[in-house]
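Notes follow once the structure below has been shown.
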Amino acid sequence: MAKEDFVPVTGDDWYQRRRQDAEGEFFRKVASQGPRKGEGGSTRQGIYVLSGDGELLSYKNAGQFAEVTRDELKRGLERFLKLPASRREPRAVEVGEPGKLDPTYSRTPPAGGLIVRVHARILDRTGDEFCKGACKTTGGDAAARDFLWLTKEEVRSLAPAKTDVGFTYEMPKPVAERMMRFHLIDNTRGEPPFWERQHIRRSKLALTVVRSTAEAIDLRLEGDVLLSTDADPAKSDRGYEARLRGELRYVPSKQTFDRFDVAAVGEHWGEGTFTRGSRPGRSLLGVAFGPVAGDRAADRVPPQGAREVRRYFGRE
Amino acid sequence: MSARRFALIALLITALAAHAEPKLTEVEYSSTLKAVRPAPGEDKFDQVPWLTSLWEARKQAAKEGKPILLWEMDGHPLGCG
């Protein structure tokens, strides 16, 4: 239904309710027709069905309940079909250009950089293998999604200086830090707290050339990290101790990577303001980087951490 | 090198090795990727051709004569499962 009967679009309300441009004004005009008036800058999150000229047709904030959401979409579609033809037929409504976008609240991937998919999920162990974990919080056992953004310069810094098999080098600090602070996190139940620089208690991440041809250089990543809110992990209220392993492939002719498969797994403990309901004590959390994202519009959703764009790119 | 110094160095190396984290095995690595990433068909969200610009959605909706489905969340809109 979403694909056939609607034009589906997704956004982070943090940007949309704040941006001072035509898109933000349009969104707020629609949202104000529903229950989320945005008093005091409050959230306007939800699932909206609206007409292209800005009438709210239905609203619900129950994305975790598929049947409820589906019924609401049907209701919105029915209301759309009852609109006058002059407001719903193809090309009946004219939409001009949006004009200048608010630079404070719009994000685009770095030109020439890399976008990598990131998923996180709670895990359990069975024998030698890791498997999906079980969680009492609704949706807490599902895979959380995000993207890692790397700049063109960071991508090139990841490439090996020598192509000899066995050549080993440290993962560049800016890349390692971003992966740890903004992506080795538990976002499985809601918006996660990130790590501060001082929370990085141990970081050993090394890349090794395992195969080298003129066309591609295969790299293995190995290492381990300890992130905790206190220098003594035993006293910290939140932490993550993980081992990492990955397989990356650099293509010299394109100066980029076409493979970025990295797994991190280990014990996580604690929770954030919006991620309540974690399993008690220390429990397994896995994070998977990769594959490299393609050209779909949805692949350009900014990383959760990119709200504070200067922090995300290590500039403060 | 004296025997005592040799023993101290051997003890230090042993202690460091004991502290080193064991590497992820191939089985642990592959099973982690498999368990964390959505299985085929699991990620229904990913099957929807989402746009990320509400204004572009308006233009497309006007062109095609369809309503807009806006999935608007606090945080990464397709974030937590």
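Each chain of the structure tokens is named A, B, ... in the order shown, its residues numbered from 1; ligands are numbered from 1 in display order.
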If you count only C-alpha atoms, which residues fall within 7 Å of segment 49-62 of chain B, apart from same-chain ones fewer than 2 positions away, as a ChimeraX atom specification?
/A:3,7-11,23,52,90-95,98,297-298,301 /B:47,64-68
Output of the above residues as a PDB file, in the first residue's frame, restricted to N, CA and C atoms:
```pdb
ATOM      1  N   LYS A   3       3.762   1.703  -1.141  1.00  0.00           N
ATOM      2  CA  LYS A   3       4.474   1.910  -2.406  1.00  0.00           C
ATOM      3  C   LYS A   3       3.527   2.298  -3.526  1.00  0.00           C
ATOM      4  N   VAL A   7       2.925   8.589  -1.966  1.00  0.00           N
ATOM      5  CA  VAL A   7       4.320   8.978  -2.164  1.00  0.00           C
ATOM      6  C   VAL A   7       4.936   8.962  -0.761  1.00  0.00           C
ATOM      7  N   PRO A   8       5.776   7.966  -0.476  1.00  0.00           N
ATOM      8  CA  PRO A   8       6.306   7.847   0.881  1.00  0.00           C
ATOM      9  C   PRO A   8       7.553   8.721   1.085  1.00  0.00           C
ATOM     10  N   VAL A   9       7.576   9.410   2.197  1.00  0.00           N
ATOM     11  CA  VAL A   9       8.722  10.268   2.533  1.00  0.00           C
ATOM     12  C   VAL A   9       8.971  10.155   4.028  1.00  0.00           C
ATOM     13  N   THR A  10      10.238  10.204   4.404  1.00  0.00           N
ATOM     14  CA  THR A  10      10.572  10.044   5.807  1.00  0.00           C
ATOM     15  C   THR A  10      11.485  11.182   6.256  1.00  0.00           C
ATOM     16  N   GLY A  11      11.397  11.528   7.523  1.00  0.00           N
ATOM     17  CA  GLY A  11      12.222  12.628   8.021  1.00  0.00           C
ATOM     18  C   GLY A  11      12.406  12.562   9.525  1.00  0.00           C
ATOM     19  N   GLU A  23      10.083  24.300   3.317  1.00  0.00           N
ATOM     20  CA  GLU A  23       9.721  22.927   3.695  1.00  0.00           C
ATOM     21  C   GLU A  23       9.298  22.855   5.160  1.00  0.00           C
ATOM     22  N   GLY A  52      -0.958  16.991  -1.282  1.00  0.00           N
ATOM     23  CA  GLY A  52       0.164  17.781  -1.757  1.00  0.00           C
ATOM     24  C   GLY A  52       0.002  19.278  -1.527  1.00  0.00           C
ATOM     25  N   PRO A  90      -3.732  13.958 -11.132  1.00  0.00           N
ATOM     26  CA  PRO A  90      -2.346  14.227 -11.544  1.00  0.00           C
ATOM     27  C   PRO A  90      -2.222  15.610 -12.184  1.00  0.00           C
ATOM     28  N   ARG A  91      -1.234  16.368 -11.705  1.00  0.00           N
ATOM     29  CA  ARG A  91      -0.909  17.705 -12.227  1.00  0.00           C
ATOM     30  C   ARG A  91      -1.983  18.745 -11.950  1.00  0.00           C
ATOM     31  N   ALA A  92      -2.961  18.419 -11.097  1.00  0.00           N
ATOM     32  CA  ALA A  92      -3.976  19.420 -10.771  1.00  0.00           C
ATOM     33  C   ALA A  92      -3.404  20.480  -9.848  1.00  0.00           C
ATOM     34  N   VAL A  93      -2.484  20.074  -9.004  1.00  0.00           N
ATOM     35  CA  VAL A  93      -1.873  21.000  -8.043  1.00  0.00           C
ATOM     36  C   VAL A  93      -0.472  21.339  -8.528  1.00  0.00           C
ATOM     37  N   GLU A  94      -0.150  22.615  -8.469  1.00  0.00           N
ATOM     38  CA  GLU A  94       1.206  23.038  -8.860  1.00  0.00           C
ATOM     39  C   GLU A  94       2.057  23.261  -7.620  1.00  0.00           C
ATOM     40  N   VAL A  95       3.241  22.701  -7.638  1.00  0.00           N
ATOM     41  CA  VAL A  95       4.171  22.901  -6.524  1.00  0.00           C
ATOM     42  C   VAL A  95       5.441  23.513  -7.082  1.00  0.00           C
ATOM     43  N   PRO A  98      11.309  25.133  -3.663  1.00  0.00           N
ATOM     44  CA  PRO A  98      11.257  25.504  -2.248  1.00  0.00           C
ATOM     45  C   PRO A  98      12.069  26.736  -1.889  1.00  0.00           C
ATOM     46  N   ALA A 297      17.257   7.281  -2.532  1.00  0.00           N
ATOM     47  CA  ALA A 297      17.023   8.489  -1.731  1.00  0.00           C
ATOM     48  C   ALA A 297      17.092   8.161  -0.247  1.00  0.00           C
ATOM     49  N   ALA A 298      16.559   7.015   0.140  1.00  0.00           N
ATOM     50  CA  ALA A 298      16.521   6.654   1.561  1.00  0.00           C
ATOM     51  C   ALA A 298      17.918   6.433   2.133  1.00  0.00           C
ATOM     52  N   VAL A 301      19.425   9.441   4.313  1.00  0.00           N
ATOM     53  CA  VAL A 301      18.978   9.854   5.644  1.00  0.00           C
ATOM     54  C   VAL A 301      20.223  10.128   6.487  1.00  0.00           C
TER      55      VAL A 301
ATOM     56  N   GLN B  47      11.858  -1.882   2.135  1.00  0.00           N
ATOM     57  CA  GLN B  47      11.237  -2.219   0.854  1.00  0.00           C
ATOM     58  C   GLN B  47      10.412  -1.050   0.299  1.00  0.00           C
ATOM     59  N   GLU B  64       1.727  12.837  -9.666  1.00  0.00           N
ATOM     60  CA  GLU B  64       1.105  11.513  -9.799  1.00  0.00           C
ATOM     61  C   GLU B  64      -0.325  11.473  -9.293  1.00  0.00           C
ATOM     62  N   GLY B  65      -0.768  12.529  -8.623  1.00  0.00           N
ATOM     63  CA  GLY B  65      -2.134  12.508  -8.103  1.00  0.00           C
ATOM     64  C   GLY B  65      -2.291  11.537  -6.948  1.00  0.00           C
ATOM     65  N   LYS B  66      -1.330  11.577  -5.998  1.00  0.00           N
ATOM     66  CA  LYS B  66      -1.376  10.676  -4.845  1.00  0.00           C
ATOM     67  C   LYS B  66      -1.258  11.476  -3.555  1.00  0.00           C
ATOM     68  N   PRO B  67      -1.710  10.909  -2.449  1.00  0.00           N
ATOM     69  CA  PRO B  67      -1.430  11.545  -1.156  1.00  0.00           C
ATOM     70  C   PRO B  67      -0.002  11.226  -0.719  1.00  0.00           C
ATOM     71  N   ILE B  68       0.463  11.971   0.246  1.00  0.00           N
ATOM     72  CA  ILE B  68       1.813  11.787   0.796  1.00  0.00           C
ATOM     73  C   ILE B  68       1.704  11.002   2.098  1.00  0.00           C
TER      74      ILE B  68
END
```
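Around Asp224 of chain A, within 6 Å and counting only C-alpha atoms, the residues found are Lys204, Ala242, Arg243 and Leu244 of chain A, once anything fewer than 4 positions away on its own chain is removed.
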Prev. selection, C-alpha atoms, output as a compact mmCIF listing (two decimals), in the first residue's frame:
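Writing done, so here's part27.txt:
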```txt
# COMPACT_ATOMS: atom_id res chain seq x y z
CA LYS A 204 42.78 -0.93 19.35
CA ALA A 242 33.38 -5.09 22.19
CA ARG A 243 35.59 -7.01 19.83
CA LEU A 244 35.62 -6.05 16.19
```
Skip Val27 of chain B itself and residues of its chain fewer than 2 positions away, then list as a compact mmCIF listing (two decimals) with C-alpha atoms, in the first residue's frame all residues within 8 Å of it, counting only C-alpha atoms.
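The file below, part-v6.txt, is the result:
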```txt
# COMPACT_ATOMS: atom_id res chain seq x y z
CA ASP A 128 30.28 -20.79 19.03
CA GLU A 129 27.83 -18.45 17.36
CA THR B 25 36.75 -15.99 15.22
CA TYR B 29 32.25 -12.68 12.92
CA SER B 30 29.97 -14.20 10.32
CA SER B 31 27.28 -15.13 12.83
```
Shell around Val262 of chain A at 9 Å using only C-alpha atoms, local window under 6 positions removed, as an mmCIF file with C-alpha atoms, in the first residue's frame:
```cif
data_model
loop_
_atom_site.group_PDB
_atom_site.id
_atom_site.type_symbol
_atom_site.label_atom_id
_atom_site.label_comp_id
_atom_site.auth_asym_id
_atom_site.auth_seq_id
_atom_site.Cartn_x
_atom_site.Cartn_y
_atom_site.Cartn_z
ATOM 1 C CA LEU A 221 40.107 -5.148 10.444
ATOM 2 C CA LEU A 244 35.619 -6.046 16.186
ATOM 3 C CA ARG A 245 36.424 -7.805 12.980
ATOM 4 C CA GLY A 246 35.883 -6.656 9.427
ATOM 5 C CA GLU A 247 36.573 -7.137 5.750
ATOM 6 C CA LEU A 248 37.046 -4.051 3.595
ATOM 7 C CA VAL A 287 26.683 -3.754 15.625
ATOM 8 C CA ALA A 288 27.112 -4.479 11.918
ATOM 9 C CA PHE A 289 28.595 -1.984 9.485
ATOM 10 C CA GLY A 290 27.948 -2.464 5.791
ATOM 11 C CA TYR B 29 32.249 -12.678 12.923
ATOM 12 C CA LEU B 33 26.751 -10.055 10.796
#
```
